[in-house]
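Below: one structure, written as structure tokens.
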Amino acid sequence: MSAAVIQLLVLAGIAIFLILRLRSVLGTREGFEKPPLPVDESPADRRSGRPDLEVIEGGVDHDITDHAEEGSPIADALAQMKRVEPSFNVGEFLQGARGAYEMILMAFEHGDIEQVARFLSPDVHDAFSQVLQHREEQGLSVDASFIGVRELSLVGANFDPGTEMGEVTVRFVGELTSVVRNAEGEVLEGSETEIKRQRDVWTFARRMGAGDPNWQLVATGE
């Protein structure tokens with residue numbers, strides 16, 4: 001065997017050894033892999049698009065500032081609620097309020113508010129009951145279908161440190177079809193096919209930190 005062949009075999013052996021060593025250190029990659037994030041970049045930084053933003057305890061609470069202006073009375077009230085009940089989440093509350101709006105509104109339209117009585121304050125329950133009683137006395141019936149919530153926004157919040165009662169006011173723009181009929185079944189108002197928008201401003205209240213997680217509707221308006 002010539003010296004040249006021996007030299008090539010030695011070099012090939014060295015190359016194979018180096019390849020195996022590199023694979024043991026670096027591993028292997030298959031397909032597309034995203035580049036690693038900087039170790040000092042937090043999820044909040046990525047949301048804001050500001051990798052240089054340092055998030056520390058006591059800093060901005062995006063769960064609040066996503067729905068209320070930082071430093072506003074609404075934001076301050078929400079922050080007080082969170083101090084009493086750290087698990088309180090504004091975004092989750094608004095999602096719950098969306099579901100409660102549909103449930104309560106449809107129960108009222110269909111004339112059966114007892115199924116949602118636990119979500120109504122005594123004053124609101126009495127007010128709804130009087131309207132339904134008046135409707136019944138006139139022989140009117142309502143056939144309604146809920147389409148959805150087109151708009152939802154938090155417009156107010158209050159917290160009473162003495163009673164630890166929190167109040168949150170939400171503006172809804174709902175879409176539904178509604179038909180009002182008299183005792184003879186004649187249509188007096190509305191249409192089964194025409195979608196109408198209904199605007200409501202509802203205030204929900206709850207004692208923060210209490211065992212009962214349900215909020216109650218305590219006031220309604222437009």
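We label chains A, B, ... in the order they appear in the structure tokens, count residues from 1 in each chain, and number ligands from 1 in the order shown.
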
Sel. of strand (DSSP E) residues, region 59-217 of chain A, as a PyMOL selection string:
chain A and resi 141-160+165-181+187-207+216-217

Write out as a ChimeraX atom specification which residues come within 6 Å of region 117-125 of chain A when counting only C-alpha atoms, dropping same-chain ones fewer than 3 positions away.
/A:114,128,216-218

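Using only C-alpha atoms, the protein and nucleic acid residues lying no more than 12 Å from Asp112 (chain A), apart from those fewer than 6 places from it along its own chain, are Met103, Ile104, Leu105, Met106, His125, Phe128, Ser129, Val131, Leu132, Gln133, Glu136, Ser141 and Val142 of chain A.
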
File of the preceding selection, all heavy atoms, as a short mmCIF file (atom, residue, chain, number, x, y, z; two decimals), in the first residue's frame:
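Dumped to out_20.cif:
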data_model
loop_
_atom_site.label_atom_id
_atom_site.label_comp_id
_atom_site.auth_asym_id
_atom_site.auth_seq_id
_atom_site.Cartn_x
_atom_site.Cartn_y
_atom_site.Cartn_z
N MET A 103 -77.69 35.23 28.24
CA MET A 103 -78.55 34.39 29.07
C MET A 103 -79.67 35.20 29.72
O MET A 103 -80.85 34.82 29.69
CB MET A 103 -77.71 33.70 30.14
CG MET A 103 -78.48 32.77 31.05
SD MET A 103 -77.38 31.89 32.18
CE MET A 103 -76.59 33.26 33.05
N ILE A 104 -79.31 36.35 30.30
CA ILE A 104 -80.31 37.17 31.00
C ILE A 104 -81.25 37.83 30.02
O ILE A 104 -82.48 37.88 30.23
CB ILE A 104 -79.60 38.21 31.90
CG1 ILE A 104 -78.81 37.51 33.01
CG2 ILE A 104 -80.62 39.18 32.49
CD1 ILE A 104 -77.93 38.44 33.82
N LEU A 105 -80.70 38.36 28.92
CA LEU A 105 -81.55 39.04 27.93
C LEU A 105 -82.58 38.09 27.34
O LEU A 105 -83.76 38.43 27.21
CB LEU A 105 -80.67 39.62 26.82
CG LEU A 105 -81.38 40.39 25.71
CD1 LEU A 105 -82.12 41.60 26.27
CD2 LEU A 105 -80.40 40.82 24.62
N MET A 106 -82.16 36.89 27.00
CA MET A 106 -83.10 35.93 26.41
C MET A 106 -84.12 35.43 27.43
O MET A 106 -85.28 35.19 27.09
CB MET A 106 -82.33 34.76 25.80
CG MET A 106 -81.59 35.09 24.52
SD MET A 106 -82.70 35.63 23.15
CE MET A 106 -82.63 37.43 23.31
N HIS A 125 -84.43 42.27 39.65
CA HIS A 125 -85.43 41.20 39.52
C HIS A 125 -86.84 41.76 39.59
O HIS A 125 -87.71 41.40 38.79
CB HIS A 125 -85.21 40.15 40.61
CG HIS A 125 -86.13 38.98 40.52
ND1 HIS A 125 -87.40 38.99 41.06
CD2 HIS A 125 -85.99 37.75 39.94
CE1 HIS A 125 -88.00 37.84 40.84
NE2 HIS A 125 -87.16 37.05 40.16
N PHE A 128 -87.66 43.78 36.34
CA PHE A 128 -87.95 42.88 35.23
C PHE A 128 -89.31 42.24 35.40
O PHE A 128 -90.08 42.09 34.44
CB PHE A 128 -86.87 41.80 35.14
CG PHE A 128 -85.57 42.26 34.50
CD1 PHE A 128 -85.38 43.59 34.14
CD2 PHE A 128 -84.55 41.37 34.27
CE1 PHE A 128 -84.20 44.01 33.55
CE2 PHE A 128 -83.36 41.77 33.68
CZ PHE A 128 -83.19 43.10 33.32
N SER A 129 -89.62 41.82 36.63
CA SER A 129 -90.90 41.15 36.90
C SER A 129 -92.08 42.06 36.60
O SER A 129 -93.11 41.61 36.05
CB SER A 129 -90.95 40.68 38.35
OG SER A 129 -89.96 39.71 38.62
N VAL A 131 -92.20 44.51 34.39
CA VAL A 131 -92.35 44.64 32.93
C VAL A 131 -93.02 43.40 32.36
O VAL A 131 -93.92 43.49 31.53
CB VAL A 131 -90.97 44.86 32.27
CG1 VAL A 131 -91.11 44.83 30.74
CG2 VAL A 131 -90.37 46.18 32.72
N LEU A 132 -92.61 42.23 32.82
CA LEU A 132 -93.20 40.99 32.32
C LEU A 132 -94.66 40.86 32.73
O LEU A 132 -95.49 40.36 31.95
CB LEU A 132 -92.39 39.78 32.83
CG LEU A 132 -90.94 39.67 32.31
CD1 LEU A 132 -90.25 38.46 32.91
CD2 LEU A 132 -90.92 39.60 30.80
N GLN A 133 -94.98 41.30 33.93
CA GLN A 133 -96.37 41.26 34.38
C GLN A 133 -97.24 42.17 33.52
O GLN A 133 -98.36 41.81 33.12
CB GLN A 133 -96.47 41.66 35.84
CG GLN A 133 -97.89 41.58 36.39
CD GLN A 133 -97.96 41.95 37.88
OE1 GLN A 133 -96.93 42.16 38.51
NE2 GLN A 133 -99.16 42.04 38.41
N GLU A 136 -97.83 40.56 30.21
CA GLU A 136 -98.82 39.49 30.30
C GLU A 136 -100.23 40.05 30.40
O GLU A 136 -101.18 39.50 29.79
CB GLU A 136 -98.51 38.61 31.52
CG GLU A 136 -99.41 37.40 31.65
CD GLU A 136 -99.04 36.52 32.83
OE1 GLU A 136 -98.02 36.81 33.50
OE2 GLU A 136 -99.77 35.55 33.10
N SER A 141 -96.91 38.69 23.64
CA SER A 141 -95.87 37.66 23.69
C SER A 141 -94.72 38.07 22.78
O SER A 141 -94.92 38.80 21.81
CB SER A 141 -96.43 36.30 23.25
OG SER A 141 -96.86 36.35 21.89
N VAL A 142 -93.53 37.60 23.14
CA VAL A 142 -92.33 37.96 22.37
C VAL A 142 -91.64 36.68 21.92
O VAL A 142 -91.42 35.77 22.71
CB VAL A 142 -91.36 38.80 23.23
CG1 VAL A 142 -90.08 39.09 22.44
CG2 VAL A 142 -92.03 40.10 23.66
#

To one decimal in Å, tell me the separation between CA of Phe204 (chain A) and CA of Ala144 (chain A).
24.0 Å

Select from region 70-166 of chain A everything DSSP, run on the backbone, classes as helix (DSSP H, G or I), then give the selection as a PyMOL selection string.
chain A and resi 73-84+90-109+113-119+122-137

Ala77 (chain A) surroundings by only C-alpha atoms, 7 Å radius, close-in-sequence under 2 positions cut, as a list in words
Pro73, Ile74, Ala75, Ala79, Gln80, Met81, Ala157, Asn158 and Phe159 of chain A

Could those selected residues go to a file with C-alpha atoms, as a PDB file, in the first residue's frame?
ATOM      1  CA  PRO A  73     -60.162  55.733  38.142  1.00  0.00           C
ATOM      2  CA  ILE A  74     -61.411  52.600  36.386  1.00  0.00           C
ATOM      3  CA  ALA A  75     -57.922  51.075  36.325  1.00  0.00           C
ATOM      4  CA  ALA A  79     -56.334  47.103  40.734  1.00  0.00           C
ATOM      5  CA  GLN A  80     -57.933  47.346  44.187  1.00  0.00           C
ATOM      6  CA  MET A  81     -60.200  44.429  43.328  1.00  0.00           C
ATOM      7  CA  ALA A 157     -65.539  50.255  37.722  1.00  0.00           C
ATOM      8  CA  ASN A 158     -65.833  51.047  41.419  1.00  0.00           C
ATOM      9  CA  PHE A 159     -64.534  49.412  44.574  1.00  0.00           C
TER      10      PHE A 159
END

Among A:Ala107, A:Leu78, A:Ala127, A:Leu140, Glu189 (chain A) is approached most closely, using only C-alpha atoms, by A:Leu140

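Between Val168 (chain A) and the candidates A:Arg207, A:His110, A:Arg83, A:Lys196, the tightest atom-to-atom separation, counting only C-alpha atoms, involves A:Arg207.
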
Considering only C-alpha atoms, return as JSON, numbers by chain whatever protein or nucleic-acid residues lie within 9 Å of region 96-100 of chain A, sequence-local ones (same chain, fewer than 6 positions apart) excluded.
{"A": [119, 149, 152, 170, 172, 204, 215]}

Expected file contents, prior selection, C-alpha atoms, as a PDB file, in the first residue's frame:
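Output (selection_9.pdb):
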ATOM      1  CA  PHE A 119     -77.718  36.472  38.742  1.00  0.00           C
ATOM      2  CA  VAL A 149     -72.718  40.440  20.787  1.00  0.00           C
ATOM      3  CA  LEU A 152     -68.503  44.890  24.276  1.00  0.00           C
ATOM      4  CA  VAL A 170     -70.102  47.068  30.660  1.00  0.00           C
ATOM      5  CA  PHE A 172     -73.097  45.859  25.109  1.00  0.00           C
ATOM      6  CA  PHE A 204     -72.434  43.867  37.737  1.00  0.00           C
ATOM      7  CA  TRP A 215     -71.619  38.381  39.829  1.00  0.00           C
TER       8      TRP A 215
END

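The shortest atom-to-atom distance to Ser72 (chain A), with only C-alpha atoms taken into account, belongs to A:Gly156 out of A:Pro86, A:Gly148, A:Gly156, A:Pro213.
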
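Separating CA of Val179 (chain A) from CA of Arg135 (chain A) is a distance of 13.4 Å.
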